[in-house]
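Engineer: What follows is data12.cif, mmCIF, C-alpha atoms.
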```cif
data_query
loop_
_atom_site.label_atom_id
_atom_site.label_comp_id
_atom_site.auth_asym_id
_atom_site.auth_seq_id
_atom_site.Cartn_x
_atom_site.Cartn_y
_atom_site.Cartn_z
CA MET A 1 0.00 0.00 0.00
CA LYS A 2 1.42 3.37 -0.93
CA LEU A 3 2.21 5.80 1.83
CA GLN A 4 0.37 8.85 0.62
CA ARG A 5 1.84 11.11 3.28
CA HIS A 6 5.15 10.90 1.44
CA GLY A 7 3.59 12.35 -1.70
CA ALA A 8 4.50 16.05 -1.49
CA ILE A 9 8.05 15.64 -0.22
CA ALA A 10 8.68 12.72 -2.55
CA CYS A 11 7.56 14.88 -5.46
CA LEU A 12 10.06 17.56 -4.46
CA ALA A 13 12.82 14.97 -4.08
CA LEU A 14 12.04 13.41 -7.43
CA THR A 15 12.15 16.81 -9.09
CA ALA A 16 15.52 17.53 -7.47
CA VAL A 17 17.10 14.16 -8.18
CA LEU A 18 15.69 13.33 -11.60
CA GLY A 19 15.17 16.83 -12.91
CA LEU A 20 11.55 16.15 -13.84
CA SER A 21 9.21 19.08 -14.27
CA ALA A 22 6.21 17.39 -12.68
CA CYS A 23 5.22 14.46 -10.51
CA GLY A 24 2.54 11.85 -11.11
CA SER A 25 2.00 9.41 -13.91
CA ASP A 26 -0.68 8.81 -16.45
CA ASN A 27 -2.43 5.85 -14.91
CA ASN A 28 -4.82 5.77 -17.84
CA ALA A 29 -2.18 4.92 -20.41
CA PRO A 30 -3.45 2.07 -22.57
CA SER A 31 -2.03 -1.41 -22.10
CA GLY A 32 1.37 -1.90 -23.68
CA THR A 33 2.13 1.82 -23.94
CA ALA A 34 4.31 3.98 -21.80
CA ALA A 35 2.80 6.18 -19.13
CA SER A 36 3.87 9.81 -18.82
CA GLY A 37 7.55 10.04 -17.84
CA SER A 38 8.42 6.53 -18.99
CA ALA A 39 11.38 6.22 -21.30
CA ALA A 40 9.84 3.39 -23.29
CA ALA A 41 6.75 1.26 -23.66
CA ALA A 42 6.52 -1.91 -21.61
CA ASP A 43 8.58 -4.68 -23.20
CA CYS A 44 6.01 -7.46 -22.76
CA ALA A 45 6.86 -11.13 -22.57
CA THR A 46 5.07 -14.21 -21.30
CA GLY A 47 6.12 -16.96 -18.93
CA THR A 48 7.11 -17.38 -15.29
CA LEU A 49 9.96 -15.87 -13.27
CA ASN A 50 11.08 -16.89 -9.81
CA ALA A 51 13.31 -14.47 -7.93
CA GLN A 52 14.18 -13.87 -4.30
CA GLY A 53 16.40 -11.94 -1.95
CA SER A 54 16.37 -8.53 -0.29
CA SER A 55 13.39 -7.91 1.96
CA ALA A 56 14.28 -4.21 1.79
CA GLN A 57 13.11 -4.15 -1.81
CA LYS A 58 9.99 -6.27 -1.21
CA ASN A 59 7.61 -3.31 -1.53
CA ALA A 60 9.44 -1.97 -4.57
CA MET A 61 9.38 -5.33 -6.30
CA ALA A 62 5.70 -5.80 -5.50
CA GLU A 63 4.94 -2.44 -7.14
CA TRP A 64 7.00 -3.24 -10.25
CA ILE A 65 5.50 -6.72 -10.63
CA LYS A 66 1.95 -5.42 -10.24
CA ALA A 67 2.50 -2.67 -12.82
CA TYR A 68 4.23 -5.00 -15.30
CA GLN A 69 1.60 -7.75 -15.03
CA GLN A 70 -1.17 -5.21 -15.53
CA LYS A 71 0.44 -4.13 -18.80
CA CYS A 72 1.56 -7.57 -19.91
CA ALA A 73 -0.91 -10.46 -19.79
CA GLY A 74 0.35 -14.03 -19.52
CA THR A 75 3.12 -13.38 -17.02
CA THR A 76 3.66 -14.86 -13.57
CA ILE A 77 6.42 -13.26 -11.51
CA ASN A 78 7.21 -14.52 -8.01
CA TYR A 79 9.52 -12.64 -5.65
CA GLU A 80 10.29 -14.13 -2.23
CA PRO A 81 11.75 -11.62 0.29
CA SER A 82 14.07 -14.25 1.78
CA GLY A 83 16.92 -11.85 2.59
CA SER A 84 19.92 -10.77 0.54
CA GLY A 85 22.16 -13.65 1.58
CA ALA A 86 19.54 -16.26 0.76
CA GLY A 87 18.79 -14.57 -2.57
CA ILE A 88 22.40 -14.65 -3.69
CA GLN A 89 22.73 -18.30 -2.68
CA ALA A 90 19.56 -19.14 -4.62
CA PHE A 91 20.98 -17.36 -7.68
CA ILE A 92 24.24 -19.31 -7.34
CA ALA A 93 22.26 -22.55 -6.90
CA GLY A 94 20.23 -21.81 -10.02
CA THR A 95 16.86 -21.68 -8.23
CA ALA A 96 16.39 -17.91 -8.72
CA ASP A 97 16.27 -16.30 -12.16
CA PHE A 98 17.68 -13.15 -10.59
CA ALA A 99 18.37 -12.07 -7.02
CA GLY A 100 17.69 -8.92 -5.03
CA SER A 101 20.48 -7.78 -2.75
CA ASP A 102 21.19 -4.72 -0.62
CA SER A 103 24.90 -5.23 -1.24
CA ALA A 104 26.86 -5.93 -4.38
CA LEU A 105 28.37 -9.39 -4.77
CA LYS A 106 31.41 -9.94 -2.56
CA PRO A 107 34.74 -10.90 -4.20
CA GLU A 108 34.29 -14.50 -3.03
CA GLU A 109 30.69 -14.61 -4.34
CA GLN A 110 31.37 -13.11 -7.77
CA PRO A 111 33.06 -16.16 -9.38
CA GLN A 112 30.35 -18.50 -8.04
CA ALA A 113 27.65 -16.25 -9.49
CA ASP A 114 29.56 -15.84 -12.77
CA ALA A 115 29.65 -19.62 -13.14
CA LYS A 116 25.84 -19.55 -13.54
CA CYS A 117 26.11 -17.10 -16.44
CA VAL A 118 27.31 -19.12 -19.45
CA GLY A 119 29.41 -16.85 -21.62
CA GLY A 120 28.83 -13.85 -19.37
CA GLN A 121 29.05 -12.54 -15.83
CA ALA A 122 26.74 -11.72 -12.93
CA LEU A 123 25.95 -7.99 -12.97
CA ASN A 124 25.17 -5.78 -9.98
CA LEU A 125 22.41 -3.43 -11.17
CA PRO A 126 21.26 -0.75 -8.69
CA MET A 127 17.48 -0.33 -8.91
CA VAL A 128 16.45 1.85 -5.98
CA ILE A 129 17.88 3.71 -3.03
CA GLY A 130 16.62 2.54 0.34
CA PRO A 131 17.19 4.95 3.22
CA VAL A 132 17.86 3.16 6.52
CA ALA A 133 16.00 4.58 9.51
CA ILE A 134 17.25 4.45 13.09
CA VAL A 135 14.05 3.47 14.89
CA TYR A 136 13.41 3.43 18.61
CA ASN A 137 10.74 2.88 21.24
CA VAL A 138 11.35 5.00 24.33
CA GLY A 139 8.37 6.49 26.14
CA GLY A 140 8.45 10.27 26.40
CA VAL A 141 11.32 10.70 23.93
CA ASP A 142 10.07 11.98 20.60
CA ASN A 143 12.97 13.83 18.96
CA LEU A 144 16.00 11.66 19.54
CA GLN A 145 19.20 12.62 17.76
CA LEU A 146 22.38 10.56 17.64
CA LYS A 147 25.95 11.01 16.47
CA PRO A 148 27.63 8.13 14.60
CA ALA A 149 29.91 7.47 17.60
CA THR A 150 26.92 7.21 19.93
CA LEU A 151 25.17 4.81 17.56
CA ALA A 152 28.31 2.68 17.38
CA GLN A 153 28.60 2.56 21.17
CA ILE A 154 24.94 1.55 21.52
CA PHE A 155 25.12 -1.28 18.98
CA ALA A 156 28.52 -2.43 20.27
CA GLY A 157 27.02 -2.83 23.73
CA LYS A 158 29.13 -0.07 25.31
CA VAL A 159 26.16 2.21 26.04
CA THR A 160 23.46 0.23 27.85
CA LYS A 161 21.07 2.78 29.44
CA TRP A 162 18.98 5.45 27.74
CA ASP A 163 20.21 8.11 30.17
CA ASP A 164 23.88 7.36 29.42
CA PRO A 165 26.03 10.53 29.27
CA ALA A 166 26.77 9.93 25.56
CA ILE A 167 23.06 10.02 24.66
CA LYS A 168 22.50 12.97 27.00
CA ALA A 169 25.26 14.89 25.23
CA ASP A 170 23.47 14.41 21.89
CA ASN A 171 20.09 15.33 23.43
CA PRO A 172 20.69 18.03 26.07
CA ASP A 173 17.02 19.05 26.27
CA ALA A 174 15.49 15.57 26.35
CA LYS A 175 14.18 13.80 29.46
CA LEU A 176 15.86 10.43 29.09
CA PRO A 177 14.77 7.48 31.27
CA SER A 178 17.15 5.04 32.91
CA THR A 179 15.54 2.21 30.92
CA ALA A 180 17.91 -0.51 29.69
CA ILE A 181 18.65 -0.37 25.96
CA GLN A 182 17.72 -3.38 23.81
CA ALA A 183 19.64 -3.02 20.55
CA VAL A 184 17.82 -5.09 17.92
CA HIS A 185 19.71 -6.47 14.92
CA ARG A 186 18.83 -8.76 12.01
CA SER A 187 19.20 -12.41 12.93
CA ASP A 188 19.38 -13.49 9.27
CA GLU A 189 22.05 -12.45 6.78
CA SER A 190 21.03 -9.08 5.43
CA GLY A 191 22.33 -6.45 3.07
CA THR A 192 20.76 -3.90 5.40
CA THR A 193 23.05 -5.13 8.17
CA ASP A 194 25.99 -5.01 5.76
CA ASN A 195 25.24 -1.40 4.87
CA PHE A 196 24.53 -0.29 8.43
CA THR A 197 27.75 -1.83 9.76
CA LYS A 198 29.62 -0.35 6.82
CA TYR A 199 28.23 3.04 7.83
CA LEU A 200 29.44 2.51 11.42
CA SER A 201 32.85 1.36 10.18
CA LYS A 202 33.27 4.46 8.03
CA THR A 203 31.91 7.07 10.47
CA ALA A 204 32.82 5.74 13.95
CA GLU A 205 35.96 3.68 13.47
CA ALA A 206 37.16 4.16 17.06
CA ASP A 207 33.92 2.83 18.53
CA TRP A 208 32.99 0.15 15.97
CA THR A 209 35.59 -2.60 15.65
CA PHE A 210 33.45 -5.34 14.07
CA GLY A 211 33.81 -4.44 10.40
CA ASN A 212 30.89 -4.91 8.03
CA ALA A 213 29.11 -8.07 6.91
CA LYS A 214 25.64 -9.41 6.09
CA ALA A 215 25.76 -11.39 9.34
CA TRP A 216 25.72 -9.44 12.63
CA LYS A 217 29.12 -9.69 14.33
CA ALA A 218 28.84 -7.60 17.49
CA PRO A 219 28.10 -9.31 20.82
CA GLY A 220 24.87 -8.87 22.75
CA GLY A 221 21.69 -7.29 21.53
CA VAL A 222 18.53 -9.03 20.37
CA GLY A 223 18.06 -10.66 16.96
CA ALA A 224 14.92 -10.50 14.81
CA ALA A 225 14.34 -12.12 11.43
CA LYS A 226 13.90 -9.97 8.31
CA SER A 227 12.76 -6.35 8.15
CA ASP A 228 9.20 -7.17 9.25
CA GLY A 229 10.53 -8.89 12.37
CA VAL A 230 12.78 -5.97 13.29
CA ALA A 231 9.95 -3.45 12.93
CA SER A 232 7.58 -5.64 14.93
CA LYS A 233 10.11 -6.13 17.75
CA VAL A 234 10.73 -2.40 18.11
CA LYS A 235 7.02 -1.59 17.89
CA SER A 236 6.16 -4.02 20.70
CA THR A 237 9.12 -3.58 23.07
CA GLU A 238 9.92 -0.58 25.26
CA GLY A 239 13.58 0.47 25.32
CA THR A 240 14.47 -0.88 21.88
CA ILE A 241 16.49 0.69 19.08
CA SER A 242 17.28 -0.75 15.65
CA TYR A 243 17.98 -0.06 11.99
CA VAL A 244 15.40 -0.81 9.31
CA GLU A 245 14.44 0.40 5.84
CA TRP A 246 12.40 3.60 5.81
CA SER A 247 9.30 1.97 4.32
CA TYR A 248 9.08 -0.50 7.21
CA ALA A 249 9.57 2.29 9.76
CA GLU A 250 6.73 4.25 8.19
CA ASN A 251 4.38 1.30 7.79
CA SER A 252 4.84 0.44 11.50
CA GLY A 253 4.57 4.05 12.70
CA LEU A 254 7.96 3.93 14.42
CA LYS A 255 9.85 6.91 15.82
CA LYS A 256 12.93 7.79 13.77
CA ALA A 257 16.07 9.43 15.14
CA LYS A 258 17.89 12.30 13.47
CA VAL A 259 21.48 11.38 12.59
CA GLN A 260 24.43 13.73 12.49
CA ASN A 261 26.00 13.88 9.02
CA GLY A 262 29.55 14.71 7.95
CA ALA A 263 28.71 18.42 7.95
CA GLY A 264 27.73 18.25 11.62
CA GLU A 265 24.01 18.71 10.92
CA TRP A 266 21.21 16.76 12.58
CA ALA A 267 19.59 15.25 9.49
CA GLU A 268 16.00 14.05 9.49
CA LEU A 269 15.18 11.16 7.16
CA THR A 270 13.08 12.37 4.22
CA ALA A 271 13.05 11.55 0.52
CA ASP A 272 14.82 14.86 -0.08
CA SER A 273 17.60 14.29 2.48
CA ALA A 274 18.20 10.73 1.23
CA GLY A 275 18.37 12.01 -2.34
CA LYS A 276 21.05 14.51 -1.32
CA ALA A 277 23.17 11.71 0.12
CA ILE A 278 23.14 9.64 -3.07
CA ALA A 279 24.22 12.62 -5.15
CA GLY A 280 27.78 11.79 -4.05
CA ALA A 281 27.60 8.05 -4.72
CA LYS A 282 30.10 6.76 -7.26
CA ILE A 283 29.99 3.78 -9.62
CA GLU A 284 33.02 1.57 -9.02
CA GLY A 285 32.04 -1.39 -11.21
CA GLN A 286 33.32 -1.84 -14.76
CA GLY A 287 31.26 -1.78 -17.95
CA ASN A 288 27.66 -2.78 -17.27
CA ASP A 289 28.49 -3.87 -13.72
CA LEU A 290 27.20 -0.87 -11.77
CA LYS A 291 28.39 -1.54 -8.24
CA MET A 292 28.25 1.72 -6.27
CA SER A 293 30.22 3.32 -3.44
CA ILE A 294 28.37 5.57 -0.99
CA ASP A 295 30.05 8.37 0.98
CA TYR A 296 28.69 7.81 4.49
CA ASN A 297 30.63 10.85 5.70
CA THR A 298 28.89 13.08 3.17
CA LYS A 299 29.13 16.80 3.88
CA GLU A 300 26.33 17.61 1.45
CA ALA A 301 24.09 20.14 3.20
CA GLY A 302 20.95 18.50 4.55
CA ALA A 303 21.97 14.97 3.54
CA TYR A 304 20.78 11.99 5.58
CA PRO A 305 23.83 9.70 5.58
CA ILE A 306 22.50 6.15 6.09
CA VAL A 307 21.29 4.91 2.72
CA LEU A 308 21.66 1.61 0.91
CA VAL A 309 21.57 0.69 -2.74
CA THR A 310 19.28 -2.18 -3.64
CA TYR A 311 20.66 -4.27 -6.52
CA GLU A 312 19.31 -6.87 -8.89
CA ILE A 313 21.90 -9.59 -9.50
CA VAL A 314 21.39 -10.86 -13.04
CA CYS A 315 23.37 -12.65 -15.77
CA SER A 316 24.74 -10.47 -18.57
CA LYS A 317 24.57 -13.60 -20.77
CA GLY A 318 23.42 -17.17 -20.29
CA LEU A 319 19.82 -16.71 -19.19
CA ALA A 320 17.51 -19.47 -20.42
CA ALA A 321 15.77 -18.54 -23.68
CA ASP A 322 12.34 -18.69 -22.05
CA LYS A 323 13.46 -16.41 -19.18
CA LEU A 324 15.49 -13.72 -20.96
CA PRO A 325 12.61 -11.68 -22.50
CA LEU A 326 10.70 -11.60 -19.22
CA VAL A 327 13.73 -10.63 -17.12
CA LYS A 328 14.53 -7.85 -19.58
CA GLY A 329 10.90 -6.71 -19.69
CA LEU A 330 10.47 -6.51 -15.92
CA LEU A 331 13.84 -4.86 -15.23
CA THR A 332 13.35 -2.41 -18.11
CA HIS A 333 10.17 -1.27 -16.40
CA ALA A 334 11.90 -1.08 -13.01
CA ALA A 335 14.69 1.09 -14.43
CA SER A 336 12.38 3.40 -16.36
CA ALA A 337 11.51 6.90 -15.18
CA GLU A 338 7.97 5.62 -14.63
CA GLY A 339 9.13 2.64 -12.59
CA GLN A 340 11.31 4.84 -10.41
CA GLN A 341 8.60 7.46 -10.00
CA ASP A 342 6.16 4.84 -8.77
CA LEU A 343 8.39 4.14 -5.74
CA VAL A 344 8.76 7.58 -4.22
CA GLU A 345 5.63 7.19 -2.08
CA LEU A 346 6.72 3.79 -0.80
CA GLY A 347 9.59 5.02 1.35
CA TYR A 348 12.37 4.84 -1.26
CA ALA A 349 14.49 7.51 -2.94
CA PRO A 350 14.77 7.25 -6.75
CA LEU A 351 17.98 6.63 -8.63
CA PRO A 352 19.74 9.74 -9.93
CA ASP A 353 18.86 10.00 -13.61
CA SER A 354 22.49 9.59 -14.66
CA VAL A 355 22.62 6.22 -12.87
CA ARG A 356 19.15 5.20 -14.03
CA ALA A 357 20.16 5.69 -17.67
CA LYS A 358 23.18 3.42 -17.19
CA VAL A 359 20.99 0.75 -15.62
CA GLU A 360 18.59 0.93 -18.59
CA THR A 361 21.53 0.47 -20.97
CA ALA A 362 22.80 -2.53 -18.98
CA VAL A 363 19.35 -4.17 -18.96
CA LYS A 364 18.98 -3.72 -22.73
CA SER A 365 22.35 -5.45 -23.22
CA LEU A 366 21.26 -8.67 -21.46
CA ALA A 367 21.54 -11.61 -23.83
#
```
Since I need it in another form, could you write the structure as structure tokens?

Structural biologist:
Amino acid sequence: MKLQRHGAIACLALTAVLGLSACGSDNNAPSGTAASGSAAAADCATGTLNAQGSSAQKNAMAEWIKAYQQKCAGTTINYEPSGSGAGIQAFIAGTADFAGSDSALKPEEQPQADAKCVGGQALNLPMVIGPVAIVYNVGGVDNLQLKPATLAQIFAGKVTKWDDPAIKADNPDAKLPSTAIQAVHRSDESGTTDNFTKYLSKTAEADWTFGNAKAWKAPGGVGAAKSDGVASKVKSTEGTISYVEWSYAENSGLKKAKVQNGAGEWAELTADSAGKAIAGAKIEGQGNDLKMSIDYNTKEAGAYPIVLVTYEIVCSKGLAADKLPLVKGLLTHAASAEGQQDLVELGYAPLPDSVRAKVETAVKSLA
């Protein structure tokens, strides 16, 4: 279900990031034709696709699948939000036609994934930007703000009470209780965890000594499975704090902390502030492999610094003949201006148009 309250700010963010002159799409476009803002008509194909992976992109994928199947009869597309780690393993095992992941393939995963792509390689194609919210449940505290070092100390188990001096220093006017902190992390392998721990590694090196990985490495805390489980745990448990994709925070009505960015500003998570953060993201992959590097220490004014890139992992060559047209059709829609525009009310920030165009080119090259 779309979060309509995002509409106005998402429109502003989309205008800023994509350079569009207006928001909204022509929902009355006839079947098989492009709606307003779309770069091309739907590339329809028939058949069945099975994909899985990132739960962060579950809502995005559901929107894309619904829109594509409405335009293209005779298609069945299944996406299981099993988590990024499980999605990549399914792709490697050959049980997923493509995988969703909140992190690009690791060096040790790349050759295994490439082996499934006869005559080609496994590409990392960014499809949407997912801001990561710091969510909390502390009675009487409504405007929490946290520095990277404080976040690192909380999730490393060094700060254990809500009235700890480190949290007080970040919130001098707040009435903080002495409640024990329950730091909630993903119990399954997750690209969200990989990105959040990467953020801590880059911004609070002295306080976070556990590196970054899909699996949670720090001691202590409480585990919860998948994004839904994290949001539910925080919603139901006093004294909790966690990290979860913006859409899940909004759908569960969770409080979100402001985070200090590299410019020293207390940044609130909005579509606009997330869009500012990705303006500095760089592509570090080669050719049609579009792996990105995010500057978590961004000094861009107003930028919210904790964002992740959601990828589709797909073969550049070697897809089965009965799967190729459908994979290209769906991902072409996802990478279109229309497909990106459809996500801004779901708690995602759209790809910068320069990146989106490269993704479109990479999808068209699939063979």

Engineer: Show me, as a short mmCIF file (atom, residue, chain, number, x, y, z; two decimals) with C-alpha atoms, in the coordinates of the input, the residues that have an atom within 10 Å of A:Val118 when counting only C-alpha atoms, minus same-chain residues fewer than 3 positions from it.

Structural biologist:
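Okay, around_19.cif is ready:
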```
data_model
loop_
_atom_site.label_atom_id
_atom_site.label_comp_id
_atom_site.auth_asym_id
_atom_site.auth_seq_id
_atom_site.Cartn_x
_atom_site.Cartn_y
_atom_site.Cartn_z
CA ASP A 114 29.56 -15.84 -12.77
CA ALA A 115 29.65 -19.62 -13.14
CA GLN A 121 29.05 -12.54 -15.83
CA ALA A 122 26.74 -11.72 -12.93
CA CYS A 315 23.37 -12.65 -15.77
CA SER A 316 24.74 -10.47 -18.57
CA LYS A 317 24.57 -13.60 -20.77
CA GLY A 318 23.42 -17.17 -20.29
CA LEU A 319 19.82 -16.71 -19.19
CA ALA A 320 17.51 -19.47 -20.42
#
```

Engineer: Under the rule of at most 8 Å, produce a per-residue listing of stretch 100-192 of chain A near stretch 267-290 of chain A: chain, number, name, the closest pair of atoms, and the distance in Å, as a Markdown table, using only C-alpha atoms.

Structural biologist:
```
| residue | atom | partner | partner_atom | distance |
| --- | --- | --- | --- | --- |
| A:Leu123 | CA | A:Asp289 | CA | 4.9 |
| A:Asn124 | CA | A:Asp289 | CA | 5.4 |
| A:Leu125 | CA | A:Leu290 | CA | 5.5 |
| A:Pro126 | CA | A:Leu290 | CA | 6.7 |
| A:Ile129 | CA | A:Ile278 | CA | 7.9 |
| A:Pro131 | CA | A:Ala274 | CA | 6.2 |
| A:Ala133 | CA | A:Leu269 | CA | 7.0 |
```

Engineer: Please expand the PyMOL selection byres ((chain A and resi 46-62) around 7) into the concrete residues it hits in this file, giving the result as a PDB file with C-alpha atoms, keeping the file's coordinate frame.

Structural biologist:
```
ATOM      1  CA  CYS A  44       6.010  -7.460 -22.760  1.00  0.00           C
ATOM      2  CA  ALA A  45       6.860 -11.130 -22.570  1.00  0.00           C
ATOM      3  CA  GLU A  63       4.940  -2.440  -7.140  1.00  0.00           C
ATOM      4  CA  TRP A  64       7.000  -3.240 -10.250  1.00  0.00           C
ATOM      5  CA  ILE A  65       5.500  -6.720 -10.630  1.00  0.00           C
ATOM      6  CA  LYS A  66       1.950  -5.420 -10.240  1.00  0.00           C
ATOM      7  CA  GLY A  74       0.350 -14.030 -19.520  1.00  0.00           C
ATOM      8  CA  THR A  75       3.120 -13.380 -17.020  1.00  0.00           C
ATOM      9  CA  THR A  76       3.660 -14.860 -13.570  1.00  0.00           C
ATOM     10  CA  ILE A  77       6.420 -13.260 -11.510  1.00  0.00           C
ATOM     11  CA  ASN A  78       7.210 -14.520  -8.010  1.00  0.00           C
ATOM     12  CA  TYR A  79       9.520 -12.640  -5.650  1.00  0.00           C
ATOM     13  CA  GLU A  80      10.290 -14.130  -2.230  1.00  0.00           C
ATOM     14  CA  PRO A  81      11.750 -11.620   0.290  1.00  0.00           C
ATOM     15  CA  SER A  82      14.070 -14.250   1.780  1.00  0.00           C
ATOM     16  CA  GLY A  83      16.920 -11.850   2.590  1.00  0.00           C
ATOM     17  CA  SER A  84      19.920 -10.770   0.540  1.00  0.00           C
ATOM     18  CA  GLY A  85      22.160 -13.650   1.580  1.00  0.00           C
ATOM     19  CA  ALA A  86      19.540 -16.260   0.760  1.00  0.00           C
ATOM     20  CA  GLY A  87      18.790 -14.570  -2.570  1.00  0.00           C
ATOM     21  CA  ILE A  88      22.400 -14.650  -3.690  1.00  0.00           C
ATOM     22  CA  ALA A  96      16.390 -17.910  -8.720  1.00  0.00           C
ATOM     23  CA  ASP A  97      16.270 -16.300 -12.160  1.00  0.00           C
ATOM     24  CA  PHE A  98      17.680 -13.150 -10.590  1.00  0.00           C
ATOM     25  CA  ALA A  99      18.370 -12.070  -7.020  1.00  0.00           C
ATOM     26  CA  GLY A 100      17.690  -8.920  -5.030  1.00  0.00           C
ATOM     27  CA  SER A 101      20.480  -7.780  -2.750  1.00  0.00           C
ATOM     28  CA  ASP A 102      21.190  -4.720  -0.620  1.00  0.00           C
ATOM     29  CA  LYS A 226      13.900  -9.970   8.310  1.00  0.00           C
ATOM     30  CA  SER A 227      12.760  -6.350   8.150  1.00  0.00           C
ATOM     31  CA  GLU A 245      14.440   0.400   5.840  1.00  0.00           C
ATOM     32  CA  THR A 310      19.280  -2.180  -3.640  1.00  0.00           C
ATOM     33  CA  LYS A 323      13.460 -16.410 -19.180  1.00  0.00           C
ATOM     34  CA  LEU A 326      10.700 -11.600 -19.220  1.00  0.00           C
ATOM     35  CA  LEU A 343       8.390   4.140  -5.740  1.00  0.00           C
TER      36      LEU A 343
END
```

Engineer: Enumerate, as a short mmCIF file (atom, residue, chain, number, x, y, z; two decimals) with C-alpha atoms, in the frame of the given file, the residues matched when the PyMOL selection byres ((chain A and resi 360) around 9) is run on the file above.

Structural biologist:
```cif
data_model
loop_
_atom_site.label_atom_id
_atom_site.label_comp_id
_atom_site.auth_asym_id
_atom_site.auth_seq_id
_atom_site.Cartn_x
_atom_site.Cartn_y
_atom_site.Cartn_z
CA LEU A 331 13.84 -4.86 -15.23
CA THR A 332 13.35 -2.41 -18.11
CA HIS A 333 10.17 -1.27 -16.40
CA ALA A 334 11.90 -1.08 -13.01
CA ALA A 335 14.69 1.09 -14.43
CA SER A 336 12.38 3.40 -16.36
CA VAL A 355 22.62 6.22 -12.87
CA ARG A 356 19.15 5.20 -14.03
CA ALA A 357 20.16 5.69 -17.67
CA LYS A 358 23.18 3.42 -17.19
CA VAL A 359 20.99 0.75 -15.62
CA THR A 361 21.53 0.47 -20.97
CA ALA A 362 22.80 -2.53 -18.98
CA VAL A 363 19.35 -4.17 -18.96
CA LYS A 364 18.98 -3.72 -22.73
CA SER A 365 22.35 -5.45 -23.22
#
```

Engineer: Interatomic distance between atom CA of A:Ser236 and atom CA of A:Gly191?

Structural biologist: 24.0 Å

Engineer: Run the PyMOL selection byres ((chain A and resi 146) around 8) mentally over the shown coordinates, then write out the matched residues as a VMD selection string, using the chain letters and numbers from the document.

Structural biologist: chain A and resid 144 to 145 147 to 148 150 to 151 167 170 to 171 257 to 260

Engineer: For the residues in that selection, give me C-alpha atoms as a compact mmCIF listing (two decimals), keeping the file's coordinate frame.

Structural biologist:
```txt
# COMPACT_ATOMS: atom_id res chain seq x y z
CA LEU A 144 16.00 11.66 19.54
CA GLN A 145 19.20 12.62 17.76
CA LYS A 147 25.95 11.01 16.47
CA PRO A 148 27.63 8.13 14.60
CA THR A 150 26.92 7.21 19.93
CA LEU A 151 25.17 4.81 17.56
CA ILE A 167 23.06 10.02 24.66
CA ASP A 170 23.47 14.41 21.89
CA ASN A 171 20.09 15.33 23.43
CA ALA A 257 16.07 9.43 15.14
CA LYS A 258 17.89 12.30 13.47
CA VAL A 259 21.48 11.38 12.59
CA GLN A 260 24.43 13.73 12.49
```
